[in-house]
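Visitor: Sharing a structure here in structure tokens format.
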Amino acid sequence: MSTASGDFTVVIPCWGPQYTGVLPEAVASIRAQAPRAPIVVVDNCSDQPLPELAEVQFVRLDRRETVGAARNAGLAHVRTPFVVVADADDLILDGALEPLAEILRAEPRTVAAVGEVIEDGSRPHPLPRAAARLAAPIPPLLAFAHAAWAQFPIQGCAMLRTAAARDLGGYGDTNGGDDWELGVVLATSGRIRFLSRPVRDYRNPASGLGVEPDRVEVHRRAQNVRNRLRQRGWGKLRLAAVRLAQAVAIDLVRPLVLRARSRAGG
């Protein structure tokens with residue numbers, strides 16, 4: 001499905017040979033279905049020149065920034081009401097963008113429309129979780145659940161309201177969990193709608209940005225989420241409840257989930 005709409009932009013940070021080589025495929029997957037959509041590629045001080053691509057706006061950073069800061073640099077150049085922030089090594093599935101935009105056009109109080117993810121062309125990704133869909137009609141419940149343990153992704157499979165993403169501070173200035181932070185504060189500010197169709201082909205999920213973090217790193221990311229919620233005015237009691245829920249998820253539930261995945265893969 002092709003659209004003539006120009007009300008959404010796609011932002012793609014890029015650096016390093018593992019990303020620059022596949023960037024043209026990512027751009028082609030967007031252009032095939034949204035020929036008028038602006039595409040902003042953030043050159044995060046790549047070690048090698050990025051490929052020349054027609055009708056793409058390139059933003060060159062003078063030094064290598066964190067993943068979150070690079071995504072925010074692209075967000076700053078968006079002039080459309082909606083935005084998708086994707087990764088250079090993934091594909092946006094055919095006909096997936098317009099249905100996300102339709103939700104945001106029809107529902108002013110919805111801040112993000114989130115689709116499903118597949119891995120390596122066919123395998124379903126565990127996010128969004130079923131619990132996220134159940135909690136979605138009650139935004140405070142979804143925000144708490146997402147803060148406790150990531151319930152849904154926003155990379156490449158979600159369309160966001162640009163103003164909301166900016167006003168909430170954008171992505172965290174980190175190399176991991178930056179999208180979790182933004183997803184949580186988005187859930188505190190409005191409705192998150194889930195679309196039951198794949199949007200993103202998450203290629204090579206066990207490499208690059210998809211490498212599974214260790215326990216210490218996950219706790220660091222969880223702390224950043226609590227800091228963002230504190231900035232949103234969450235009080236001590238709610239933050240204490242979030243911290244307890246995060247500890248249970250990270251120290252008790254997550255090891256069981258990783259063990260089960262390892263057995264299923266082996």
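All residue names refer to the structure tokens as shown: chains lettered A, B, ... in order, residues numbered from 1 in each chain, ligands numbered from 1 in order.
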Hey, could you make a per-residue contact list for segment 173-245 of chain A against segment 57-69 of chain A with 10 Å as the cut-off, showing the nearest pair of atoms and its distance in Å to one decimal, counting only C-alpha atoms, sorted by chain and number, as JSON lines?
Guide:
{"residue": "A:Asp173", "atom": "CA", "partner": "A:Gly68", "partner_atom": "CA", "distance": 4.8}
{"residue": "A:Thr174", "atom": "CA", "partner": "A:Thr66", "partner_atom": "CA", "distance": 5.4}
{"residue": "A:Asn175", "atom": "CA", "partner": "A:Val67", "partner_atom": "CA", "distance": 4.9}
{"residue": "A:Gly176", "atom": "CA", "partner": "A:Val67", "partner_atom": "CA", "distance": 7.4}
{"residue": "A:Gly177", "atom": "CA", "partner": "A:Gly68", "partner_atom": "CA", "distance": 8.5}
{"residue": "A:Asp178", "atom": "CA", "partner": "A:Gly68", "partner_atom": "CA", "distance": 5.3}
{"residue": "A:Asp179", "atom": "CA", "partner": "A:Gly68", "partner_atom": "CA", "distance": 7.4}
{"residue": "A:Glu181", "atom": "CA", "partner": "A:Gly68", "partner_atom": "CA", "distance": 9.9}
{"residue": "A:Leu182", "atom": "CA", "partner": "A:Gly68", "partner_atom": "CA", "distance": 9.7}
{"residue": "A:Leu209", "atom": "CA", "partner": "A:Val67", "partner_atom": "CA", "distance": 9.1}
Visitor: I'd like to know which residues of segment 59-145 of chain A are strand (DSSP E) (by DSSP, run on the backbone); could you write them as a ChimeraX atom specification?
Guide: /A:59-60,82-85,91-92,110-119,123-124
Visitor: Those same residues, written as a short mmCIF file (atom, residue, chain, number, x, y, z; two decimals), in the first residue's frame with C-alpha atoms?
Guide:
data_model
loop_
_atom_site.label_atom_id
_atom_site.label_comp_id
_atom_site.auth_asym_id
_atom_site.auth_seq_id
_atom_site.Cartn_x
_atom_site.Cartn_y
_atom_site.Cartn_z
CA VAL A 59 22.41 15.25 9.53
CA ARG A 60 26.11 14.89 10.34
CA PHE A 82 4.27 12.23 13.43
CA VAL A 83 7.59 10.39 13.45
CA VAL A 84 8.99 6.87 13.25
CA VAL A 85 12.50 6.33 14.60
CA LEU A 91 13.21 -3.21 7.41
CA ILE A 92 9.83 -1.52 7.64
CA THR A 110 -3.13 8.84 21.37
CA VAL A 111 0.59 9.63 21.60
CA ALA A 112 1.92 6.44 19.99
CA ALA A 113 0.61 3.73 17.68
CA VAL A 114 2.61 0.52 18.10
CA GLY A 115 2.69 -2.44 15.73
CA GLU A 116 4.18 -5.88 16.04
CA VAL A 117 7.75 -7.03 15.32
CA ILE A 118 9.12 -10.08 13.58
CA GLU A 119 12.70 -11.34 13.79
CA ARG A 123 9.81 -15.34 13.89
CA PRO A 124 7.48 -13.35 16.22
#
Visitor: Need the shell around Arg105 of chain A: protein/DNA/RNA residues with any atom at most 10 Å away, counting only C-alpha atoms. Skip same-chain ones fewer than 5 positions apart. Format as a ChimeraX atom specification?
Guide: /A:7,81-82,99-100,110,161
Visitor: Could you dump the residues just selected with N, CA and C atoms as a PDB file, in the first residue's frame?
Guide:
ATOM      1  N   ASP A   7       2.684  13.528   6.316  1.00  0.00           N
ATOM      2  CA  ASP A   7       2.556  13.992   7.698  1.00  0.00           C
ATOM      3  C   ASP A   7       3.385  13.182   8.683  1.00  0.00           C
ATOM      4  N   PRO A  81       3.971  16.205  11.998  1.00  0.00           N
ATOM      5  CA  PRO A  81       3.353  15.922  13.301  1.00  0.00           C
ATOM      6  C   PRO A  81       3.652  14.534  13.854  1.00  0.00           C
ATOM      7  N   PHE A  82       4.007  13.592  12.987  1.00  0.00           N
ATOM      8  CA  PHE A  82       4.269  12.230  13.435  1.00  0.00           C
ATOM      9  C   PHE A  82       5.675  11.804  13.018  1.00  0.00           C
ATOM     10  N   PRO A  99      -1.250   2.599   8.228  1.00  0.00           N
ATOM     11  CA  PRO A  99      -2.186   2.248   9.303  1.00  0.00           C
ATOM     12  C   PRO A  99      -1.812   2.868  10.650  1.00  0.00           C
ATOM     13  N   LEU A 100      -0.528   3.019  10.918  1.00  0.00           N
ATOM     14  CA  LEU A 100      -0.108   3.683  12.152  1.00  0.00           C
ATOM     15  C   LEU A 100      -0.503   5.159  12.124  1.00  0.00           C
ATOM     16  N   THR A 110      -4.089   9.941  21.489  1.00  0.00           N
ATOM     17  CA  THR A 110      -3.133   8.840  21.368  1.00  0.00           C
ATOM     18  C   THR A 110      -1.759   9.411  21.020  1.00  0.00           C
ATOM     19  N   ARG A 161       3.741  10.842  18.216  1.00  0.00           N
ATOM     20  CA  ARG A 161       3.481  12.264  18.001  1.00  0.00           C
ATOM     21  C   ARG A 161       4.788  13.018  18.263  1.00  0.00           C
TER      22      ARG A 161
END
Visitor: Hey, what's within 6 Å of segment 145-156 of chain A if we count only C-alpha atoms and toss same-chain stuff fewer than 6 positions away? As a ChimeraX atom specification, please?
Guide: /A:85-86,127-129,132,184,200,242,245-246
Visitor: Residues of the last selection are to be written out with C-alpha atoms, as a PDB file, in the first residue's frame.
Guide:
ATOM      1  CA  VAL A  85      12.503   6.326  14.602  1.00  0.00           C
ATOM      2  CA  ALA A  86      14.009   3.223  13.021  1.00  0.00           C
ATOM      3  CA  LEU A 127       7.274  -7.531  22.404  1.00  0.00           C
ATOM      4  CA  PRO A 128       4.674  -6.094  22.607  1.00  0.00           C
ATOM      5  CA  ARG A 129       3.561  -8.353  25.433  1.00  0.00           C
ATOM      6  CA  ALA A 132       0.470  -4.423  27.368  1.00  0.00           C
ATOM      7  CA  VAL A 184       7.494   4.890  29.675  1.00  0.00           C
ATOM      8  CA  ARG A 200       9.250  -4.051  11.660  1.00  0.00           C
ATOM      9  CA  VAL A 242       8.174   0.762  40.650  1.00  0.00           C
ATOM     10  CA  ALA A 245       8.491  -4.305  40.730  1.00  0.00           C
ATOM     11  CA  GLN A 246      11.661  -3.730  38.704  1.00  0.00           C
TER      12      GLN A 246
END
Visitor: Extract the full set of helix (DSSP H, G or I) residues from segment 4-129 of chain A according to DSSP on the backbone, and format it as a ChimeraX atom specification.
Guide: /A:17-20,23-31,67-75,97-106
Visitor: Got time to write the residues from that selection, C-alpha atoms, as a compact mmCIF listing (two decimals), in the first residue's frame?
Guide:
# COMPACT_ATOMS: atom_id res chain seq x y z
CA PRO A 17 30.12 -0.71 8.65
CA GLN A 18 27.49 -3.07 10.11
CA TYR A 19 24.89 -0.33 9.58
CA THR A 20 26.09 1.72 6.61
CA LEU A 23 21.11 1.51 5.14
CA PRO A 24 19.94 1.59 1.48
CA GLU A 25 17.67 -1.42 2.13
CA ALA A 26 16.10 0.28 5.13
CA VAL A 27 15.48 3.46 3.15
CA ALA A 28 14.06 1.50 0.19
CA SER A 29 11.60 -0.30 2.47
CA ILE A 30 10.26 3.09 3.57
CA ARG A 31 10.29 4.82 0.20
CA VAL A 67 22.38 6.03 20.54
CA GLY A 68 19.75 8.06 22.37
CA ALA A 69 21.42 11.39 21.59
CA ALA A 70 21.72 10.45 17.90
CA ARG A 71 18.02 9.61 17.81
CA ASN A 72 17.23 12.94 19.46
CA ALA A 73 19.37 14.77 16.90
CA GLY A 74 17.16 13.34 14.18
CA LEU A 75 14.02 14.13 16.15
CA LEU A 97 3.27 2.90 8.00
CA GLU A 98 -0.07 4.28 6.81
CA PRO A 99 -2.19 2.25 9.30
CA LEU A 100 -0.11 3.68 12.15
CA ALA A 101 -0.63 7.21 10.84
CA GLU A 102 -4.37 6.62 10.49
CA ILE A 103 -4.62 5.86 14.22
CA LEU A 104 -2.85 9.09 15.21
CA ARG A 105 -4.92 11.17 12.80
CA ALA A 106 -8.17 9.76 14.18
Visitor: Restricting the calculation to only C-alpha atoms: of A:Val56, A:Ala96, A:Leu256, A:Ile250, which residue gets closest to Leu195 of chain A?
Guide: A:Ala96
Visitor: What does the distance from atom CA of Glu107 of chain A to atom CA of Pro137 of chain A come to in Å, to one decimal?
Guide: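 Value for the atom CA of Glu107 of chain A-atom CA of Pro137 of chain A distance: 13.4 Å.
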Visitor: For a test of reading the model, state the distance in Å between atom CA of Glu52 of chain A and atom CA of Asp201 of chain A, rounded to one decimal.
Guide: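 Atom CA of Asp201 of chain A lies 23.4 Å from atom CA of Glu52 of chain A.
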Visitor: Residues of segment 195-248 of chain A that approach segment 257-262 of chain A to 12 Å or less, counting only C-alpha atoms: could you list each one with the shortest pair of atoms and its distance in Å to one decimal, rows by chain and increasing residue number, as a tab-separated table?
Guide:
residue	atom	partner	partner_atom	distance
A:Glu212	CA	A:Leu258	CA	9.5
A:Pro213	CA	A:Leu258	CA	11.3
A:Asp214	CA	A:Leu258	CA	11.1
A:Arg215	CA	A:Leu258	CA	11.5
Visitor: May I ask for the distance between atom CA of Gly172 of chain A and atom CA of Asn227 of chain A, given in Å to one decimal place?
Guide: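 Computing the Euclidean distance for atom CA of Gly172 of chain A and atom CA of Asn227 of chain A yields 10.5 Å.
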Visitor: Pick from A:Leu50, A:Leu239, A:Cys157, A:Ala143: nearest to Val199 of chain A, with only C-alpha atoms counted?
Guide: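 Using only C-alpha atoms, the shortest distance to Val199 of chain A belongs to A:Cys157.
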Visitor: Rank nothing, just name the residue among A:Ala54, A:Ile39, A:Cys45, A:Leu93 nearest to Gly121 of chain A, using only C-alpha atoms.
Guide: A:Leu93
